[in-house]
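Q: Here you go, this is data.pdb (PDB, C-alpha atoms, pLDDT in the B column).
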```
ATOM      1  CA  MET F1253       1.926 -13.525  25.207  1.00 39.00           C
ATOM      2  CA  ALA F1254       3.447 -13.516  21.707  1.00 45.00           C
ATOM      3  CA  ALA F1255       2.370 -10.909  19.187  1.00 51.00           C
ATOM      4  CA  SER F1256      -0.026 -12.098  16.522  1.00 61.00           C
ATOM      5  CA  THR F1257       1.102 -12.474  12.947  1.00 68.00           C
ATOM      6  CA  PRO F1258      -0.183  -9.513  10.943  1.00 67.00           C
ATOM      7  CA  THR F1259      -3.098 -10.232   8.624  1.00 88.00           C
ATOM      8  CA  VAL F1260      -2.541  -8.150   5.494  1.00 94.00           C
ATOM      9  CA  ARG F1261      -4.389  -8.465   2.201  1.00 95.00           C
ATOM     10  CA  VAL F1262      -3.926  -6.616  -1.086  1.00 96.00           C
ATOM     11  CA  ARG F1263      -6.862  -5.771  -3.350  1.00 96.00           C
ATOM     12  CA  ARG F1264      -7.576  -3.410  -6.186  1.00 96.00           C
ATOM     13  CA  ILE F1265      -9.552  -0.361  -5.106  1.00 96.00           C
ATOM     14  CA  TYR F1266     -11.966  -1.003  -7.986  1.00 95.00           C
ATOM     15  CA  ASP F1267     -12.987  -4.415  -6.584  1.00 93.00           C
ATOM     16  CA  THR F1268     -16.245  -4.548  -4.652  1.00 93.00           C
ATOM     17  CA  PRO F1269     -15.596  -4.123  -0.913  1.00 92.00           C
ATOM     18  CA  SER F1270     -15.873  -7.332   1.076  1.00 93.00           C
ATOM     19  CA  PRO F1271     -17.033  -7.736   4.686  1.00 91.00           C
ATOM     20  CA  ASP F1272     -13.765  -9.567   5.468  1.00 93.00           C
ATOM     21  CA  ASP F1273     -11.582  -6.656   4.261  1.00 95.00           C
ATOM     22  CA  GLY F1274     -11.246  -5.337   7.802  1.00 95.00           C
ATOM     23  CA  VAL F1275      -9.584  -1.932   7.773  1.00 96.00           C
ATOM     24  CA  ARG F1276      -9.388  -0.681   4.177  1.00 97.00           C
ATOM     25  CA  VAL F1277      -6.257   1.395   3.550  1.00 97.00           C
ATOM     26  CA  LEU F1278      -5.611   3.244   0.300  1.00 97.00           C
ATOM     27  CA  VAL F1279      -1.864   3.129  -0.343  1.00 96.00           C
ATOM     28  CA  ASP F1280      -1.711   5.133  -3.590  1.00 95.00           C
ATOM     29  CA  ARG F1281      -0.566   8.752  -3.520  1.00 93.00           C
ATOM     30  CA  LEU F1282      -3.151   9.853  -6.092  1.00 93.00           C
ATOM     31  CA  TRP F1283      -6.878   9.282  -5.877  1.00 95.00           C
ATOM     32  CA  PRO F1284      -7.918   6.444  -8.267  1.00 94.00           C
ATOM     33  CA  ARG F1285      -9.396   7.625 -11.546  1.00 93.00           C
ATOM     34  CA  GLY F1286     -13.099   7.210 -12.096  1.00 93.00           C
ATOM     35  CA  LEU F1287     -13.869   6.306  -8.488  1.00 93.00           C
ATOM     36  CA  ARG F1288     -16.072   8.462  -6.289  1.00 92.00           C
ATOM     37  CA  LYS F1289     -14.856   8.829  -2.730  1.00 89.00           C
ATOM     38  CA  THR F1290     -18.227   7.667  -1.450  1.00 88.00           C
ATOM     39  CA  ASP F1291     -17.818   4.386  -3.385  1.00 88.00           C
ATOM     40  CA  ALA F1292     -14.280   3.632  -2.180  1.00 89.00           C
ATOM     41  CA  HIS F1293     -15.137   2.678   1.399  1.00 93.00           C
ATOM     42  CA  ILE F1294     -11.660   3.458   2.695  1.00 96.00           C
ATOM     43  CA  ASP F1295     -10.840   3.820   6.370  1.00 96.00           C
ATOM     44  CA  GLU F1296      -7.372   5.331   6.029  1.00 95.00           C
ATOM     45  CA  TRP F1297      -5.175   7.008   3.417  1.00 96.00           C
ATOM     46  CA  PRO F1298      -1.668   7.322   4.900  1.00 95.00           C
ATOM     47  CA  LYS F1299       0.173   9.223   2.181  1.00 94.00           C
ATOM     48  CA  ALA F1300       3.450   8.857   4.118  1.00 95.00           C
ATOM     49  CA  LEU F1301       3.417   5.177   3.056  1.00 95.00           C
ATOM     50  CA  THR F1302       3.053   5.857  -0.647  1.00 95.00           C
ATOM     51  CA  PRO F1303       6.014   5.974  -3.029  1.00 95.00           C
ATOM     52  CA  SER F1304       7.260   9.486  -3.707  1.00 95.00           C
ATOM     53  CA  THR F1305       6.236  11.233  -6.901  1.00 93.00           C
ATOM     54  CA  GLU F1306       9.857  11.070  -8.075  1.00 94.00           C
ATOM     55  CA  LEU F1307      10.052   7.316  -7.491  1.00 94.00           C
ATOM     56  CA  ARG F1308       6.735   6.691  -9.238  1.00 91.00           C
ATOM     57  CA  HIS F1309       7.843   8.692 -12.280  1.00 90.00           C
ATOM     58  CA  TRP F1310      11.190   6.882 -12.416  1.00 92.00           C
ATOM     59  CA  TYR F1311       9.555   3.431 -12.130  1.00 90.00           C
ATOM     60  CA  HIS F1312       6.982   4.128 -14.841  1.00 86.00           C
ATOM     61  CA  GLY F1313       9.612   5.670 -17.115  1.00 84.00           C
ATOM     62  CA  SER F1314      11.872   3.857 -19.536  1.00 81.00           C
ATOM     63  CA  ASP F1315      14.627   3.137 -16.962  1.00 80.00           C
ATOM     64  CA  GLY F1316      12.468   1.733 -14.158  1.00 78.00           C
ATOM     65  CA  ALA F1317      13.248  -1.828 -13.075  1.00 90.00           C
ATOM     66  CA  TYR F1318      11.078  -3.531 -10.444  1.00 90.00           C
ATOM     67  CA  GLU F1319      13.940  -4.820  -8.269  1.00 92.00           C
ATOM     68  CA  GLU F1320      15.520  -1.355  -8.075  1.00 93.00           C
ATOM     69  CA  PHE F1321      12.108   0.203  -7.453  1.00 94.00           C
ATOM     70  CA  CYS F1322      11.644  -2.155  -4.483  1.00 94.00           C
ATOM     71  CA  ARG F1323      15.046  -1.207  -3.053  1.00 95.00           C
ATOM     72  CA  ARG F1324      14.348   2.524  -3.412  1.00 96.00           C
ATOM     73  CA  TYR F1325      10.843   2.218  -1.961  1.00 96.00           C
ATOM     74  CA  GLU F1326      12.142   0.257   1.042  1.00 95.00           C
ATOM     75  CA  ALA F1327      14.555   3.149   1.661  1.00 96.00           C
ATOM     76  CA  GLU F1328      11.637   5.596   1.534  1.00 96.00           C
ATOM     77  CA  LEU F1329       9.735   3.475   4.055  1.00 95.00           C
ATOM     78  CA  ALA F1330      12.620   3.961   6.524  1.00 95.00           C
ATOM     79  CA  ALA F1331      11.977   7.740   6.671  1.00 96.00           C
ATOM     80  CA  PRO F1332      10.515   8.812  10.042  1.00 96.00           C
ATOM     81  CA  ASP F1333       6.966   9.635   8.870  1.00 96.00           C
ATOM     82  CA  ALA F1334       6.702   6.468   6.786  1.00 96.00           C
ATOM     83  CA  ALA F1335       8.203   4.308   9.543  1.00 95.00           C
ATOM     84  CA  ALA F1336       5.685   5.664  12.067  1.00 96.00           C
ATOM     85  CA  ALA F1337       2.769   5.008   9.688  1.00 95.00           C
ATOM     86  CA  LEU F1338       4.131   1.524   8.968  1.00 95.00           C
ATOM     87  CA  ASP F1339       4.398   0.745  12.690  1.00 94.00           C
ATOM     88  CA  ARG F1340       0.834   1.932  13.216  1.00 94.00           C
ATOM     89  CA  LEU F1341      -0.524  -0.301  10.425  1.00 94.00           C
ATOM     90  CA  ARG F1342       1.575  -3.239  11.599  1.00 92.00           C
ATOM     91  CA  GLU F1343       0.141  -2.929  15.109  1.00 91.00           C
ATOM     92  CA  LEU F1344      -3.381  -2.594  13.705  1.00 92.00           C
ATOM     93  CA  ALA F1345      -2.865  -5.717  11.585  1.00 91.00           C
ATOM     94  CA  THR F1346      -2.117  -7.780  14.699  1.00 90.00           C
ATOM     95  CA  ARG F1347      -5.665  -7.047  15.917  1.00 92.00           C
ATOM     96  CA  GLU F1348      -7.654  -7.205  12.682  1.00 92.00           C
ATOM     97  CA  THR F1349      -7.310  -7.691   8.948  1.00 95.00           C
ATOM     98  CA  VAL F1350      -5.775  -4.789   7.047  1.00 96.00           C
ATOM     99  CA  THR F1351      -6.509  -4.610   3.330  1.00 96.00           C
ATOM    100  CA  LEU F1352      -4.121  -2.516   1.252  1.00 97.00           C
ATOM    101  CA  LEU F1353      -5.931  -0.936  -1.677  1.00 97.00           C
ATOM    102  CA  THR F1354      -4.332   0.149  -4.925  1.00 96.00           C
ATOM    103  CA  ALA F1355      -5.381   1.136  -8.416  1.00 95.00           C
ATOM    104  CA  ALA F1356      -2.390  -0.720  -9.891  1.00 92.00           C
ATOM    105  CA  LYS F1357      -3.416  -3.153 -12.625  1.00 91.00           C
ATOM    106  CA  ASP F1358      -0.960  -5.744 -11.297  1.00 90.00           C
ATOM    107  CA  PRO F1359      -0.477  -5.295  -7.542  1.00 89.00           C
ATOM    108  CA  THR F1360       2.233  -7.983  -7.499  1.00 88.00           C
ATOM    109  CA  LEU F1361       4.473  -5.629  -9.502  1.00 88.00           C
ATOM    110  CA  SER F1362       3.642  -2.536  -7.501  1.00 90.00           C
ATOM    111  CA  HIS F1363       4.608  -0.986  -4.200  1.00 94.00           C
ATOM    112  CA  THR F1364       1.877  -2.978  -2.441  1.00 95.00           C
ATOM    113  CA  SER F1365       3.946  -6.180  -2.483  1.00 93.00           C
ATOM    114  CA  VAL F1366       6.847  -4.315  -0.839  1.00 93.00           C
ATOM    115  CA  LEU F1367       4.517  -2.714   1.686  1.00 95.00           C
ATOM    116  CA  ARG F1368       2.833  -6.001   2.515  1.00 93.00           C
ATOM    117  CA  ARG F1369       6.202  -7.682   3.066  1.00 92.00           C
ATOM    118  CA  ALA F1370       7.293  -4.785   5.324  1.00 92.00           C
ATOM    119  CA  LEU F1371       4.116  -5.156   7.388  1.00 91.00           C
ATOM    120  CA  GLU F1372       4.264  -8.936   7.699  1.00 87.00           C
ATOM    121  CA  HIS F1373       8.035  -9.320   8.120  1.00 82.00           C
ATOM    122  CA  PRO F1374       9.565  -6.294   9.849  1.00 76.00           C
ATOM    123  CA  GLY F1375      13.277  -5.926   9.247  1.00 66.00           C
ATOM    124  CA  SER F1376      13.427  -8.262   6.241  1.00 60.00           C
TER     125      SER F1376
END
```
Starting from the file, lay out its structure as structure tokens.
A:
Amino acid sequence: MAASTPTVRVRRIYDTPSPDDGVRVLVDRLWPRGLRKTDAHIDEWPKALTPSTELRHWYHGSDGAYEEFCRRYEAELAAPDAAAALDRLRELATRETVTLLTAAKDPTLSHTSVLRRALEHPGS
């Protein structure tokens, strides 16, 4: 039997939780400002999957370019702890929807797009 295609969604943590979110996974290293933990409704917070502090600072600084950020973040995701967490989420996503949650104002220009691609298309 062939493995199912992972079902991965990306939403802002500030959006109202939806019944079809499935497993809600916070993928930011820092807790989102102004949000109480009881209101977040997260199931997991795998910090091994979040960009390093150094990478975040570089990207949000004056030299940060999105394409280079993506390349550097993909390299971080190859580290053993991150790779194990990625494999775990990928396997989970074959059974149920996984919703990646971020506080980023534009998730399409954040680490969540890289993470989603890594979950849906391993090795690409």
Q: Once the PyMOL selection byres ((chain F and resi 1283) around 12) has been applied to the shown file, what residues remain in the selection, as a list of chain:residue names?
A: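 Taken over the shown coordinates, the PyMOL selection byres ((chain F and resi 1283) around 12) returns F:Ile1265, F:Tyr1266, F:Leu1278, F:Val1279, F:Asp1280, F:Arg1281, F:Leu1282, F:Pro1284, F:Arg1285, F:Gly1286, F:Leu1287, F:Arg1288, F:Lys1289, F:Ala1292, F:Ile1294, F:Trp1297, F:Lys1299, F:Thr1302, F:Leu1353, F:Thr1354, F:Ala1355, F:Ala1356.
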Q: Give me, please, the distance in Å between CA of Arg1368 (chain F) and CA of Arg1347 (chain F), quoted to one decimal.
A: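 Computing the Euclidean distance for CA of Arg1368 (chain F) and CA of Arg1347 (chain F) yields 15.9 Å.
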Q: Given the choices F:Ser1362, F:Ala1370, F:Arg1323, F:Val1350, which gets closest to Arg1261 (chain F) if the distance is worked out from all atoms listed in the file?
A: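 That would be F:Val1350, the residue with the smallest distance to Arg1261 (chain F).
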Q: Please expand the PyMOL selection byres ((chain F and resi 1274) around 8) into the concrete residues it hits in this file, giving the result as number ranges by chain.
A: F: 1271-1273, 1275-1276, 1348-1351
Q: To one decimal place in Å, what is the distance between CA of Gly1316 (chain F) and CA of Arg1264 (chain F)?
A: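 We find that CA of Gly1316 (chain F) and CA of Arg1264 (chain F) lie 22.2 Å from each other.
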Q: Any chance you could build region 1275-1286 of chain F out to all heavy atoms and write it as a JSON list (two decimals), in the frame of the given file?
A:
```
[["chain", "number", "residue", "atom", "x", "y", "z"],
["F", 1275, "VAL", "N", -9.90, -3.35, 7.97],
["F", 1275, "VAL", "CA", -9.58, -1.93, 7.77],
["F", 1275, "VAL", "C", -9.07, -1.76, 6.35],
["F", 1275, "VAL", "O", -8.09, -2.38, 5.94],
["F", 1275, "VAL", "CB", -8.52, -1.46, 8.79],
["F", 1275, "VAL", "CG1", -8.17, 0.00, 8.55],
["F", 1275, "VAL", "CG2", -9.02, -1.66, 10.20],
["F", 1276, "ARG", "N", -9.74, -0.91, 5.58],
["F", 1276, "ARG", "CA", -9.39, -0.68, 4.18],
["F", 1276, "ARG", "C", -8.50, 0.55, 4.10],
["F", 1276, "ARG", "O", -8.90, 1.64, 4.49],
["F", 1276, "ARG", "CB", -10.65, -0.52, 3.34],
["F", 1276, "ARG", "CG", -11.46, -1.82, 3.26],
["F", 1276, "ARG", "CD", -12.79, -1.63, 2.59],
["F", 1276, "ARG", "NE", -12.77, -0.95, 1.32],
["F", 1276, "ARG", "CZ", -12.59, -1.53, 0.13],
["F", 1276, "ARG", "NH1", -12.43, -2.83, 0.06],
["F", 1276, "ARG", "NH2", -12.59, -0.80, -0.98],
["F", 1277, "VAL", "N", -7.27, 0.34, 3.57],
["F", 1277, "VAL", "CA", -6.26, 1.40, 3.55],
["F", 1277, "VAL", "C", -5.81, 1.65, 2.12],
["F", 1277, "VAL", "O", -5.22, 0.78, 1.48],
["F", 1277, "VAL", "CB", -5.03, 0.99, 4.42],
["F", 1277, "VAL", "CG1", -4.00, 2.10, 4.43],
["F", 1277, "VAL", "CG2", -5.47, 0.61, 5.83],
["F", 1278, "LEU", "N", -6.08, 2.86, 1.63],
["F", 1278, "LEU", "CA", -5.61, 3.24, 0.30],
["F", 1278, "LEU", "C", -4.13, 3.57, 0.40],
["F", 1278, "LEU", "O", -3.73, 4.40, 1.22],
["F", 1278, "LEU", "CB", -6.40, 4.45, -0.22],
["F", 1278, "LEU", "CG", -5.98, 4.97, -1.60],
["F", 1278, "LEU", "CD1", -6.16, 3.90, -2.68],
["F", 1278, "LEU", "CD2", -6.77, 6.22, -1.95],
["F", 1279, "VAL", "N", -3.31, 2.93, -0.42],
["F", 1279, "VAL", "CA", -1.86, 3.13, -0.34],
["F", 1279, "VAL", "C", -1.30, 3.72, -1.64],
["F", 1279, "VAL", "O", -0.12, 3.58, -1.93],
["F", 1279, "VAL", "CB", -1.12, 1.83, 0.05],
["F", 1279, "VAL", "CG1", -1.45, 1.45, 1.49],
["F", 1279, "VAL", "CG2", -1.43, 0.69, -0.89],
["F", 1280, "ASP", "N", -2.14, 4.39, -2.40],
["F", 1280, "ASP", "CA", -1.71, 5.13, -3.59],
["F", 1280, "ASP", "C", -1.66, 6.61, -3.24],
["F", 1280, "ASP", "O", -2.50, 7.11, -2.49],
["F", 1280, "ASP", "CB", -2.69, 4.93, -4.75],
["F", 1280, "ASP", "CG", -2.65, 3.53, -5.32],
["F", 1280, "ASP", "OD1", -1.72, 2.77, -5.01],
["F", 1280, "ASP", "OD2", -3.57, 3.19, -6.09],
["F", 1281, "ARG", "N", -0.69, 7.32, -3.79],
["F", 1281, "ARG", "CA", -0.57, 8.75, -3.52],
["F", 1281, "ARG", "C", -1.69, 9.56, -4.17],
["F", 1281, "ARG", "O", -2.17, 10.53, -3.61],
["F", 1281, "ARG", "CB", 0.78, 9.27, -4.02],
["F", 1281, "ARG", "CG", 1.04, 10.72, -3.65],
["F", 1281, "ARG", "CD", 2.48, 11.11, -3.84],
["F", 1281, "ARG", "NE", 3.36, 10.38, -2.95],
["F", 1281, "ARG", "CZ", 3.80, 10.83, -1.77],
["F", 1281, "ARG", "NH1", 3.42, 12.00, -1.35],
["F", 1281, "ARG", "NH2", 4.61, 10.11, -1.03],
["F", 1282, "LEU", "N", -2.10, 9.14, -5.36],
["F", 1282, "LEU", "CA", -3.15, 9.85, -6.09],
["F", 1282, "LEU", "C", -4.48, 9.12, -5.95],
["F", 1282, "LEU", "O", -4.52, 7.89, -5.88],
["F", 1282, "LEU", "CB", -2.78, 9.95, -7.57],
["F", 1282, "LEU", "CG", -1.43, 10.60, -7.89],
["F", 1282, "LEU", "CD1", -1.15, 10.51, -9.38],
["F", 1282, "LEU", "CD2", -1.42, 12.04, -7.42],
["F", 1283, "TRP", "N", -5.55, 9.90, -5.95],
["F", 1283, "TRP", "CA", -6.88, 9.28, -5.88],
["F", 1283, "TRP", "C", -7.13, 8.49, -7.16],
["F", 1283, "TRP", "O", -6.83, 8.96, -8.26],
["F", 1283, "TRP", "CB", -7.97, 10.35, -5.69],
["F", 1283, "TRP", "CG", -9.27, 9.68, -5.42],
["F", 1283, "TRP", "CD1", -10.28, 9.48, -6.32],
["F", 1283, "TRP", "CD2", -9.68, 9.07, -4.21],
["F", 1283, "TRP", "NE1", -11.30, 8.77, -5.72],
["F", 1283, "TRP", "CE2", -10.96, 8.50, -4.42],
["F", 1283, "TRP", "CE3", -9.09, 8.92, -2.95],
["F", 1283, "TRP", "CZ2", -11.65, 7.82, -3.43],
["F", 1283, "TRP", "CZ3", -9.79, 8.24, -1.97],
["F", 1283, "TRP", "CH2", -11.05, 7.70, -2.21],
["F", 1284, "PRO", "N", -7.68, 7.28, -7.08],
["F", 1284, "PRO", "CA", -7.92, 6.44, -8.27],
["F", 1284, "PRO", "C", -8.91, 7.10, -9.24],
["F", 1284, "PRO", "O", -9.94, 7.61, -8.83],
["F", 1284, "PRO", "CB", -8.52, 5.16, -7.68],
["F", 1284, "PRO", "CG", -8.17, 5.19, -6.23],
["F", 1284, "PRO", "CD", -8.04, 6.61, -5.84],
["F", 1285, "ARG", "N", -8.55, 7.05, -10.50],
["F", 1285, "ARG", "CA", -9.40, 7.62, -11.55],
["F", 1285, "ARG", "C", -10.74, 6.93, -11.62],
["F", 1285, "ARG", "O", -10.84, 5.71, -11.50],
["F", 1285, "ARG", "CB", -8.72, 7.50, -12.91],
["F", 1285, "ARG", "CG", -7.54, 8.38, -13.05],
["F", 1285, "ARG", "CD", -6.96, 8.24, -14.43],
["F", 1285, "ARG", "NE", -5.79, 9.11, -14.52],
["F", 1285, "ARG", "CZ", -5.04, 9.21, -15.57],
["F", 1285, "ARG", "NH1", -5.30, 8.48, -16.64],
["F", 1285, "ARG", "NH2", -4.00, 10.02, -15.57],
["F", 1286, "GLY", "N", -11.77, 7.75, -11.84],
["F", 1286, "GLY", "CA", -13.10, 7.21, -12.10],
["F", 1286, "GLY", "C", -13.81, 6.65, -10.88],
["F", 1286, "GLY", "O", -14.84, 6.01, -11.01]]
```
